[in-house]
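Enquirer: Got a structure here, written out as structure tokens. Questions coming.
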Number of protein chains: 4
Amino acid sequence: MARRAAVHRVPMRHPADVAGIEALFGSGALDPRAIVAILGKTEGNGCVNDFTRAYAVSALAAMLAPRRAETAREVAARVAMVMSGGTEGGLSPHFLVFSVADTPEPPTGALALGTALTRDFAPEEIGRLPQVLATAQAVRFAMAEAAITDPAQIHYVQVKCPLLTSERIAEAEARGATVATQDTYASMGLSRGASALGVALALGEVAEGALEDAAIGRDLSLYSSRASASAGVELTRNEIVVMGNSPDWAGDLVIAHDVMRDGIDLPAIQSALRRAGLEANGQLAGAEAERLVALLAKAEPSSNGRIRGRRHIMNDDSDINATRHARALVGGVAAAATGRTDLFISGGAEHQGPDGGGPVAVIVRKP
Amino acid sequence: MARRAAVHRVPMRHPADVAGIEALFGSGALDPRAIVAILGKTEGNGCVNDFTRAYAVSALAAMLAPRRAETAREVAARVAMVMSGGTEGGLSPHFLVFSVADTPEPPTGALALGTALTRDFAPEEIGRLPQVLATAQAVRFAMAEAAITDPAQIHYVQVKCPLLTSERIAEAEARGATVATQDTYASMGLSRGASALGVALALGEVAEGALEDAAIGRDLSLYSSRASASAGVELTRNEIVVMGNSPDWAGDLVIAHDVMRDGIDLPAIQSALRRAGLEANGQLAGAEAERLVALLAKAEPSSNGRIRGRRHIMNDDSDINATRHARALVGGVAAAATGRTDLFISGGAEHQGPDGGGPVAVIVRKP
Amino acid sequence: MARRAAVHRVPMRHPADVAGIEALFGSGALDPRAIVAILGKTEGNGCVNDFTRAYAVSALAAMLAPRRAETAREVAARVAMVMSGGTEGGLSPHFLVFSVADTPEPPTGALALGTALTRDFAPEEIGRLPQVLATAQAVRFAMAEAAITDPAQIHYVQVKCPLLTSERIAEAEARGATVATQDTYASMGLSRGASALGVALALGEVAEGALEDAAIGRDLSLYSSRASASAGVELTRNEIVVMGNSPDWAGDLVIAHDVMRDGIDLPAIQSALRRAGLEANGQLAGAEAERLVALLAKAEPSSNGRIRGRRHIMNDDSDINATRHARALVGGVAAAATGRTDLFISGGAEHQGPDGGGPVAVIVRKP
Amino acid sequence: MARRAAVHRVPMRHPADVAGIEALFGSGALDPRAIVAILGKTEGNGCVNDFTRAYAVSALAAMLAPRRAETAREVAARVAMVMSGGTEGGLSPHFLVFSVADTPEPPTGALALGTALTRDFAPEEIGRLPQVLATAQAVRFAMAEAAITDPAQIHYVQVKCPLLTSERIAEAEARGATVATQDTYASMGLSRGASALGVALALGEVAEGALEDAAIGRDLSLYSSRASASAGVELTRNEIVVMGNSPDWAGDLVIAHDVMRDGIDLPAIQSALRRAGLEANGQLAGAEAERLVALLAKAEPSSNGRIRGRRHIMNDDSDINATRHARALVGGVAAAATGRTDLFISGGAEHQGPDGGGPVAVIVRKP
């Protein structure tokens with residue numbers, strides 16, 4: 001008797017296209033009540049005014065509520081729905097549906113999942129230590145839920161976090177509070193950064209003494225190798241999903257990770273694939289490509305404007321946001337490795353891997 | 001006694017930054033009068049209103065004129081300056097300077113170059129058969145200049161071609177002429193397509209009887225595996241550079257090519273690298289990466305909206321042009337292969353390789 | 001005893017923000033079952049991948065269904081929900097909620113509303129004469145519903161019309177039919193154009209003999225001064241809302257219109273305001289500005305690339321779509337006239353006003 | 001015997017199109033050596049990577065050098081060439097050529113011009129007090145050159161200022177210096193703000209004691225009503241042009257200004273037109289429109305996200321920069337007032353007029 005995690009990768013025709021998930025229910029492949037998290041790569045700009053994320057969440061909640069016999073509000077509280085906008089380059093919009101069920105199988109060691117939520121944040125807490133500390137606490141809670149005690153068994157921690165809008169800033173300032181930044185776009189980076197440092201703190205990657213408000217978004221030597229944070233206008237708290245391997249779980253899935261040291265680090269992606277049991281000589285093909293259930297990675301422009309010494313223009317382009325360039329680049333590199341484009345490449349890797357690089361995790365089906 | 005071709009790859013800090021080329025003159029590494037062509041990857045949007053291309057050409061001509069003892073107009077007539085806008089993802093702005101000099105070395109077989117110009121085109125000829133036929137004639141002329149008689153020895157043909165603007169359309173219509181399209185952005189694709197079909201005709205890849213106005217931009221089964229066409233607002237004729245290997249030339253450079261069947265075809269890039277003598281196991285590194293002198297490839301979204309069956313959003317994105325997405329994607333895949341970002345990835349591959357794919361050529365220094 | 005039309009202008013904080021409408025229900029200011037149409041100006045790009053429109057409709061339908069004791073599908077069939085994306089420049093996202101109720105007041109002459117639906121169109125009818133003729137018939141039906149017999153009493157006709165999808169085209173071609181265009185995006189313009197010509201025919205602005213398939217989208221001298229058409233993938237017939245003044249209706253609202261001959265035609269806007277009873281000397285202010293209940297206008301770049309002889313760059317900008325520039329411009333001119341930014345400026349004005357211009361209608365509260 | 005200023009407004013077909021200015025030389029209407037400043041409204045994005053400004057300056061310098069018997073470098077030092085990118089909405093690309101000549105006419109009172117340059121700034125000075133103080137000194141120098149002693153006689157001060165790029169930031173940080181911001185786009189605003197406060201200081205609009213680094217970009221209650229600052233990547237110092245009316249000058253031009261309190265302040269524009277002697281009832285037309293020689297205004301989104309209480313989306317749009325929306329809006333309002341689109345609307349009005357508004361100046365020919 002053990003718990004067993006499953007992951008379904010479902011293509012989307014538009015941000016509210018939940019028909020593929022409904023079909024899984026119809027065929028019996030998936031029980032709506034077993035879902036613990038849904039990650040979605042939606043086709044908006046991934047920046048401040050990307051409403052494809054909220055639209056997808058709205059469609060998911062409306063579809064799931066009757067099937068789970070819950071209200072839409074209860075669905076949102078019990079299923080971590082983390083949408084990441086931006087399918088630049090060749091990336092393909094899709095959902096990753098994570099579910100957990102009890103199984104009569106004995107525990108054989110397999111992918112294990114845990115979820116948690118922080119409290120709601122005030123605007124003035126976003127991008128600052130209170131967000132870091134609350135996130136660390138929630139990560140520890142989620143690890144306990146996944147029955148993982150050793151942080152080394154954690155390979156990926158997905159965080160969805162809020163951002164500042166003009167209205168939220170005005171609300172705080174009307175109360176006499178000051179916010180971390182007046183720039184709504186910059187607030188996304190600070191919120192992601194604070195969230196990632198919370199993960200790093202929980203996993204023992206940074207010491208609590210090293211953390212202060214001024215380091216967030218500044219001291220890029222502090223980072224988590226396993227955090228992935230995504231900011232969205234539609235929430236005011238952090239939502240956390242931890243993914244690791246646990247000897248107490250059963251199933252045919254395994255997760256592994258590595259850290260891309262820059263945006264073109266193909267060898268790091270291939271290393272992660274090999275750690276998860278794939279051969280990964282050249283591009284995945286045939287049966288090997290089919291065994292790759294999910295690839296999750298962060299993308300970020302290097303702050304020094306260079307990749308291996310050569311100038312990139314991501315940070316100086318006022319027509320296309322830097323994170324959009326970065327997702328397109330890392331998406332291309334990951335597609336080169338895997339032969340697939342339905343990859344969960346998420347932008348904005350502040351404190352998530354080294355400057356200009358980022359974590360990459362893969363979930364693979366055992367042969 | 002033979003001719004010898006050289007290629008210098010020079011980074012740009014901005015579109016008019018010709019200082020790197022000037023430094024080559026200063027050090028004696030390059031003779032200004034030996035230059036036959038300059039390809040530039042500039043950082044504009046690569047679409048209709050991309051003035052970085054003309055700005056770079058203007059800076060190059062002004063810098064070269066006194067050093068070649070020519071007028072700027074003579075420089076433009078004698079040096080093929082082909083700027084391709086768009087360094088999306090991680091691509092790095094750079095010039096590729098092609099030069100030819102007589103050498104006392106015996107001919108050993110090496111990279112050979114030839115250039116040619118068509119006449120000026122009337123607006124109503126752009127994207128139609130007259131542009132195809134004039135291009136084919138110019139390609140044959142350039143092959144003769146390179147002393148290559150066998151089309152199989154040609155591995156890359158770069159064409160720079162004009163586009164329609166609102167003003168050029170109005171001028172034609174005032175004369176009672178009709179243009180191929182009223183959509184200025186669409187005219188770039190038709191001009192590139194007609195130019196590529198001209199290359200295909202000259203290289204025997206398509207039969208003249210198969211060509212008609214209606215096929216241009218429509219019948220994507222007709223294509224060249226070695227054409228690369230780039231459209232710019234700053235010219236009204238086609239400029240052509242052919243690149244091949246000739247037994248009559250000397251030097252340490254060799255060129256090879258392959259055809260990417262889609263935007264994520266890493267194996268095709270690795271195949272081209274191997275044909276040029278590199279091992280290309282995994283990502284190029286160290287000495288192997290240094291031996292790669294240039295990579296030239298075309299990028300294009302597939303017209304069916306899919307890559308290996310999975311939906312991409314390039315054709316439906318009204319914020320970022322489809323060619324910009326495609327360059328970012330192919331740039332990522334090529335950077336994965338080579339470990340470099342100073343790659344000449346050019347957008348808009350109509351009739352240049354199969355739908356959604358495109359030619360890739362590499363110039364490599366012999367060991 | 002008469003009918004009385006009301007218009008509520010409700011600001012939106014995001015595309016799914018229906019709280020302002022709910023508040024009107026709560027206060028008793030509006031009966032959900034009295035709503036006949038909702039126009040919305042949402043903040044997406046107004047182009048192909050603008051999901052803010054569908055997101056808003058989804059939120060409206062979900063909110064209205066229980067309050068009208070209807071299914072979401074019934075709401076969509078009975079309430080014309082026409083979302084127009086794009087709030088460029090200073091435009092402010094908002095809904096315009098149109099409702100009709102019986103009143104014990106005597107008819108005093110006031111704003112009158114009528115709605116109608118055409119039959120479903122076959123794919124091969126879209127963008128062609130059958131769509132024109134059916135639209136004209138439906139406009140006449142809606143006029144009858146509004147009790148308006150004189151076309152001169154009609155000041156604005158909003159049409160929501162279908163477009164061609166790949167599936168619809170394939171279905172038609174399987175039957176041996178040919179469609180007006182294979183380009184799904186272009187089909188939106190043709191469908192809007194055919195719809196506008198249908199309005200023009202019903203209102204006597206063009207003669208039936210002047211209409212033929214080849215004129216649609218081509219002969220821009222044919223147009224309606226009072227049509228506003230918007231295409232959507234979710235329907236296969238045309239939905240029509242006519243707005244005019246009828247002596248048989250009661251209420252304190254009056255509608256008037258004029259035609260902007262180009263994008264900067266301030267005098268036309270001021271003329272419409274004066275026709276509706278405002279003084280409109282300089283910018284509306286104070287009580288006059290409050291009396292303006294709605295301004296509805298179409299925006300479009302002139303096809304010759306000029307405004308009063310001076311070049312604009314809308315059609316040559318590959319970073320920002322031409323319709324986005326046009327909405328920003330007309331929004332600025334209309335805000336100059338009215339001192340307000342919550343204006344319904346909609347893009348895509350094929351056969352809706354002269355080339356580069358468009359209709360403008362205003363609904364004003366009597367003093 | 002007096003000095004006389006002239007202003008020629010010249011349309012541009014592309015950023016390097018100087019043919020219209022050359023034609024003025026050819027006809028004798030303008031002496032190349034009399035030019036003291038050229039303002040240009042070019043069609044780039046007006047943000048960090050807008051190379052249309054530098055391209056225009058390059059073309060102007062190359063064209064003027066032989067005609068003035070100077071080197072291009074001397075031209076750049078003696079003629080203030082201030083290009084402002086961004087012709088959103090309906091704005092029309094054009095040059096404004098300012099020239100000064102001695103005249104035998106007696107001084108009758110007319111437009112007077114003065115120019116000045118600051119020293120080059122180190123990256124760490126940009127957006128900080130050293131830039132403010134150096135600008136104030138240069139404004140005083142330019143006033144002296146124009147023979148204007150009373151600051152009330154100054155109606156417009158145009159400043160072109162530098163910005164931070166990734167490379168400039170890295171250069172400063174390599175020396176251990178810290179810059180005002182790491183965000184290259186934000187640096188444009190800080191540089192404009194510091195420049196405007198320099199103007200305010202010179203004109204007595206703010207007290208030196210009120211100025212400190214922390215106020216720049218923050219305390220928006222400090223501003224100049226007559227400053228217009230424009231940032232560009234192509235320079236490292238500030239270039240200043242002051243415009244006023246002086247009793248010591250002759251000629252048929254007069255300048256006046258007012259302050260727009262928000263982006264839709266049509267009455268302020270009409271007030272400036274009236275102060276310069278036009279009737280400005282409704283939109284300028286006919287002879288009155290011809291008498292308007294130039295309109296110069298600043299555009300900026302309000303930082304509270306509202307215009308007269310209604311939400312705008314400029315600050316939350318990650319596809320189109322806020323300054324681009326603001327230029328489109330103010331361009332529409334100014335075109336509504338003047339019936340023209342060749343207006344010098346410049347973005348980024350930090351400390352230039354009140355938050356969300358900005359100065360507007362008009363140069364008008366006397367009847």
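Naming scheme: A, B, ... for chains in displayed order of the structure tokens; residues 1 onward per chain; ligands 1 onward as shown.
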Taking 4 positions as the minimum chain separation for residues in the same chain, which residues sit within 8 Å of segment 75-85 of chain A when counting only C-alpha atoms? Answer as a short mmCIF file (atom, residue, chain, number, x, y, z; two decimals) with all heavy atoms, in the first residue's frame.

Expert:
```
data_model
loop_
_atom_site.label_atom_id
_atom_site.label_comp_id
_atom_site.auth_asym_id
_atom_site.auth_seq_id
_atom_site.Cartn_x
_atom_site.Cartn_y
_atom_site.Cartn_z
N ILE A 35 -6.59 14.90 -8.64
CA ILE A 35 -5.69 15.96 -9.12
C ILE A 35 -5.22 16.82 -7.94
O ILE A 35 -6.03 17.29 -7.15
CB ILE A 35 -6.41 16.85 -10.16
CG1 ILE A 35 -6.77 16.01 -11.40
CG2 ILE A 35 -5.52 18.03 -10.56
CD1 ILE A 35 -7.62 16.75 -12.42
N VAL A 36 -3.91 17.02 -7.85
CA VAL A 36 -3.37 17.89 -6.80
C VAL A 36 -2.78 19.18 -7.37
O VAL A 36 -2.64 20.17 -6.66
CB VAL A 36 -2.29 17.18 -5.96
CG1 VAL A 36 -2.89 15.99 -5.20
CG2 VAL A 36 -1.11 16.73 -6.82
N ALA A 37 -2.41 19.16 -8.64
CA ALA A 37 -1.81 20.35 -9.24
C ALA A 37 -1.96 20.29 -10.75
O ALA A 37 -1.96 19.21 -11.34
CB ALA A 37 -0.33 20.46 -8.88
N ILE A 38 -2.11 21.47 -11.34
CA ILE A 38 -2.09 21.58 -12.80
C ILE A 38 -1.14 22.71 -13.17
O ILE A 38 -1.32 23.85 -12.74
CB ILE A 38 -3.49 21.86 -13.38
CG1 ILE A 38 -4.47 20.75 -12.96
CG2 ILE A 38 -3.42 21.96 -14.90
CD1 ILE A 38 -5.90 20.97 -13.46
N LEU A 39 -0.10 22.37 -13.91
CA LEU A 39 0.78 23.41 -14.46
C LEU A 39 0.34 23.65 -15.90
O LEU A 39 0.04 22.71 -16.63
CB LEU A 39 2.24 22.94 -14.44
CG LEU A 39 3.05 23.27 -13.17
CD1 LEU A 39 2.41 22.68 -11.94
CD2 LEU A 39 4.49 22.82 -13.31
N GLY A 40 0.32 24.89 -16.29
CA GLY A 40 -0.10 25.19 -17.66
C GLY A 40 0.85 26.16 -18.32
O GLY A 40 1.28 27.14 -17.71
N LYS A 41 1.20 25.87 -19.55
CA LYS A 41 2.02 26.79 -20.35
C LYS A 41 1.06 27.43 -21.31
O LYS A 41 0.66 26.83 -22.31
CB LYS A 41 3.09 25.96 -21.07
CG LYS A 41 4.19 26.80 -21.73
CD LYS A 41 5.44 26.92 -20.88
CE LYS A 41 5.58 28.20 -20.16
NZ LYS A 41 5.60 29.46 -20.60
N THR A 42 0.63 28.67 -21.01
CA THR A 42 -0.37 29.34 -21.85
C THR A 42 0.30 30.34 -22.77
O THR A 42 1.45 30.73 -22.58
CB THR A 42 -1.42 30.05 -20.98
OG1 THR A 42 -0.77 31.06 -20.21
CG2 THR A 42 -2.13 29.07 -20.06
N GLU A 43 -0.45 30.79 -23.78
CA GLU A 43 0.16 31.49 -24.90
C GLU A 43 0.14 33.01 -24.81
O GLU A 43 0.30 33.68 -25.83
CB GLU A 43 -0.45 31.02 -26.21
CG GLU A 43 -1.95 31.26 -26.33
CD GLU A 43 -2.56 30.37 -27.41
OE1 GLU A 43 -2.50 30.77 -28.59
OE2 GLU A 43 -3.09 29.29 -27.07
N GLY A 44 -0.03 33.57 -23.62
CA GLY A 44 0.04 35.03 -23.46
C GLY A 44 1.47 35.51 -23.45
O GLY A 44 2.40 34.75 -23.76
N ASN A 45 1.68 36.78 -23.06
CA ASN A 45 3.04 37.32 -23.10
C ASN A 45 3.86 36.99 -21.85
O ASN A 45 5.04 37.32 -21.78
CB ASN A 45 3.04 38.83 -23.38
CG ASN A 45 2.34 39.65 -22.29
OD1 ASN A 45 2.29 39.24 -21.14
ND2 ASN A 45 1.82 40.82 -22.67
N GLY A 46 3.24 36.38 -20.88
CA GLY A 46 3.97 35.98 -19.67
C GLY A 46 4.38 37.15 -18.81
O GLY A 46 5.14 36.98 -17.85
N CYS A 47 3.88 38.33 -19.13
CA CYS A 47 4.28 39.54 -18.40
C CYS A 47 3.07 40.10 -17.64
O CYS A 47 2.17 39.35 -17.28
CB CYS A 47 4.89 40.55 -19.36
SG CYS A 47 6.32 39.89 -20.26
N ASP A 50 -0.81 39.63 -18.98
CA ASP A 50 -1.09 38.33 -19.59
C ASP A 50 -2.30 37.73 -18.89
O ASP A 50 -2.20 37.19 -17.80
CB ASP A 50 0.13 37.42 -19.44
CG ASP A 50 -0.12 36.06 -20.06
OD1 ASP A 50 -1.25 35.80 -20.51
OD2 ASP A 50 0.82 35.25 -20.10
N THR A 52 -4.09 35.28 -20.17
CA THR A 52 -4.32 33.88 -20.55
C THR A 52 -4.18 32.97 -19.34
O THR A 52 -4.80 31.91 -19.29
CB THR A 52 -3.35 33.42 -21.65
OG1 THR A 52 -2.00 33.46 -21.17
CG2 THR A 52 -3.48 34.27 -22.89
N ARG A 53 -3.36 33.38 -18.36
CA ARG A 53 -3.19 32.55 -17.17
C ARG A 53 -4.48 32.49 -16.35
O ARG A 53 -4.98 31.42 -16.01
CB ARG A 53 -2.05 33.12 -16.32
CG ARG A 53 -0.70 33.06 -17.05
CD ARG A 53 0.39 33.80 -16.30
NE ARG A 53 0.06 35.22 -16.16
CZ ARG A 53 0.93 36.22 -16.19
NH1 ARG A 53 2.22 35.96 -16.35
NH2 ARG A 53 0.54 37.45 -16.06
N ALA A 54 -5.05 33.67 -16.07
CA ALA A 54 -6.28 33.71 -15.27
C ALA A 54 -7.43 33.07 -16.03
O ALA A 54 -8.30 32.43 -15.43
CB ALA A 54 -6.61 35.16 -14.91
N ALA A 56 -7.25 30.59 -18.15
CA ALA A 56 -7.09 29.14 -18.05
C ALA A 56 -7.52 28.65 -16.68
O ALA A 56 -8.24 27.65 -16.56
CB ALA A 56 -5.64 28.76 -18.34
N VAL A 57 -7.10 29.34 -15.64
CA VAL A 57 -7.47 28.94 -14.29
C VAL A 57 -8.99 28.98 -14.13
O VAL A 57 -9.60 28.06 -13.55
CB VAL A 57 -6.79 29.85 -13.24
CG1 VAL A 57 -7.42 29.66 -11.86
CG2 VAL A 57 -5.29 29.56 -13.19
N ALA A 61 -11.19 25.73 -13.22
CA ALA A 61 -11.98 25.68 -11.99
C ALA A 61 -13.45 25.40 -12.32
O ALA A 61 -14.12 24.59 -11.66
CB ALA A 61 -11.84 26.98 -11.21
N LEU A 64 -13.71 21.72 -13.36
CA LEU A 64 -13.42 20.74 -12.32
C LEU A 64 -14.48 20.74 -11.21
O LEU A 64 -14.75 19.68 -10.61
CB LEU A 64 -12.05 21.01 -11.70
CG LEU A 64 -10.84 20.67 -12.57
CD1 LEU A 64 -9.54 21.11 -11.87
CD2 LEU A 64 -10.79 19.18 -12.89
N ALA A 65 -15.05 21.91 -10.93
CA ALA A 65 -15.92 22.02 -9.75
C ALA A 65 -17.02 20.95 -9.71
O ALA A 65 -17.10 20.18 -8.75
CB ALA A 65 -16.50 23.42 -9.65
N ARG A 68 -15.64 17.40 -9.23
CA ARG A 68 -15.09 17.11 -7.91
C ARG A 68 -16.12 17.35 -6.81
O ARG A 68 -15.81 17.18 -5.63
CB ARG A 68 -13.87 18.00 -7.65
CG ARG A 68 -12.66 17.66 -8.52
CD ARG A 68 -11.57 18.72 -8.41
NE ARG A 68 -11.05 18.87 -7.06
CZ ARG A 68 -9.92 18.34 -6.62
NH1 ARG A 68 -9.16 17.62 -7.43
NH2 ARG A 68 -9.51 18.53 -5.39
N GLU A 70 -17.19 20.15 -5.79
CA GLU A 70 -16.69 21.26 -4.99
C GLU A 70 -17.14 22.56 -5.64
O GLU A 70 -17.54 22.58 -6.81
CB GLU A 70 -15.15 21.25 -4.94
CG GLU A 70 -14.55 20.03 -4.23
CD GLU A 70 -13.03 19.96 -4.38
OE1 GLU A 70 -12.46 20.65 -5.25
OE2 GLU A 70 -12.42 19.19 -3.64
N THR A 71 -17.05 23.66 -4.91
CA THR A 71 -17.25 24.96 -5.55
C THR A 71 -15.95 25.32 -6.30
O THR A 71 -14.89 24.76 -6.03
CB THR A 71 -17.52 26.06 -4.52
OG1 THR A 71 -16.36 26.18 -3.69
CG2 THR A 71 -18.72 25.72 -3.66
N THR A 115 2.00 19.70 -1.88
CA THR A 115 1.58 21.07 -2.20
C THR A 115 1.33 21.86 -0.93
O THR A 115 1.08 21.28 0.13
CB THR A 115 0.28 21.08 -3.04
OG1 THR A 115 -0.76 20.50 -2.26
CG2 THR A 115 0.46 20.30 -4.33
N VAL A 159 6.73 27.44 -7.72
CA VAL A 159 6.02 28.44 -6.93
C VAL A 159 5.29 29.38 -7.88
O VAL A 159 5.87 29.85 -8.85
CB VAL A 159 6.99 29.27 -6.06
CG1 VAL A 159 6.21 30.22 -5.16
CG2 VAL A 159 7.90 28.36 -5.24
N LYS A 160 4.04 29.62 -7.59
CA LYS A 160 3.32 30.69 -8.30
C LYS A 160 3.15 31.82 -7.29
O LYS A 160 2.69 31.60 -6.16
CB LYS A 160 1.95 30.19 -8.76
CG LYS A 160 1.20 31.19 -9.64
CD LYS A 160 1.98 31.46 -10.92
CE LYS A 160 1.32 32.46 -11.82
NZ LYS A 160 0.28 31.89 -12.66
N SER A 230 6.96 31.67 -10.78
CA SER A 230 6.21 32.26 -11.88
C SER A 230 5.24 33.26 -11.27
O SER A 230 4.54 32.92 -10.32
CB SER A 230 5.48 31.11 -12.59
OG SER A 230 4.77 31.55 -13.69
N ALA A 231 5.24 34.49 -11.77
CA ALA A 231 4.39 35.52 -11.17
C ALA A 231 3.14 35.74 -12.00
O ALA A 231 3.19 35.69 -13.23
CB ALA A 231 5.16 36.83 -11.05
N GLU A 239 1.64 29.84 -4.15
CA GLU A 239 1.21 28.45 -4.24
C GLU A 239 2.43 27.60 -4.54
O GLU A 239 3.20 27.93 -5.45
CB GLU A 239 0.19 28.27 -5.36
CG GLU A 239 -1.08 29.08 -5.17
CD GLU A 239 -2.09 28.85 -6.29
OE1 GLU A 239 -1.79 28.06 -7.20
OE2 GLU A 239 -3.16 29.48 -6.25
N ILE A 240 2.60 26.49 -3.82
CA ILE A 240 3.83 25.71 -3.93
C ILE A 240 3.54 24.26 -4.27
O ILE A 240 2.62 23.65 -3.71
CB ILE A 240 4.61 25.79 -2.59
CG1 ILE A 240 5.32 27.15 -2.49
CG2 ILE A 240 5.65 24.68 -2.47
CD1 ILE A 240 4.88 27.97 -1.37
N VAL A 241 4.32 23.70 -5.19
CA VAL A 241 4.30 22.27 -5.47
C VAL A 241 5.73 21.77 -5.40
O VAL A 241 6.59 22.27 -6.14
CB VAL A 241 3.75 21.98 -6.89
CG1 VAL A 241 3.66 20.47 -7.11
CG2 VAL A 241 2.40 22.64 -7.10
N SER A 346 9.75 28.35 -18.27
CA SER A 346 9.13 29.46 -17.56
C SER A 346 10.15 30.58 -17.41
O SER A 346 11.33 30.32 -17.18
CB SER A 346 8.66 28.91 -16.20
OG SER A 346 8.23 29.93 -15.37
#
```

Enquirer: Would you list the contacts of Ala116 of chain C as a ChimeraX atom specification, taking every protein, DNA or RNA residue within 9 Å and counting only C-alpha atoms, but skipping same-chain residues closer than 5 positions in sequence?

Expert: /C:138-143,145,238-242

Enquirer: Select all residues from chain A having any atom no more than 10 Å from an atom of chain D (counting only C-alpha atoms, ignoring ligands), output as number ranges by chain.

Expert: A: 45-50, 165-167, 169-170, 182-186, 218, 303-306, 311, 313, 315-321

Enquirer: Which of segment 89-165 of chain D counts as strand (DSSP E or B) under DSSP, as a PyMOL selection string please?

Expert: chain D and resi 94-103+110-120+154-161

Enquirer: Residues at most 10 Å from Pro32 of chain D, counting only C-alpha atoms, excluding those fewer than 5 positions away in the same chain, as a list in words?

Expert: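 The neighbour list is Ile21, Glu22, Leu24, Phe25, Met63, Leu64, Ala65, Pro66, Arg67, Arg68, Ala69 and Ser99 of chain D.
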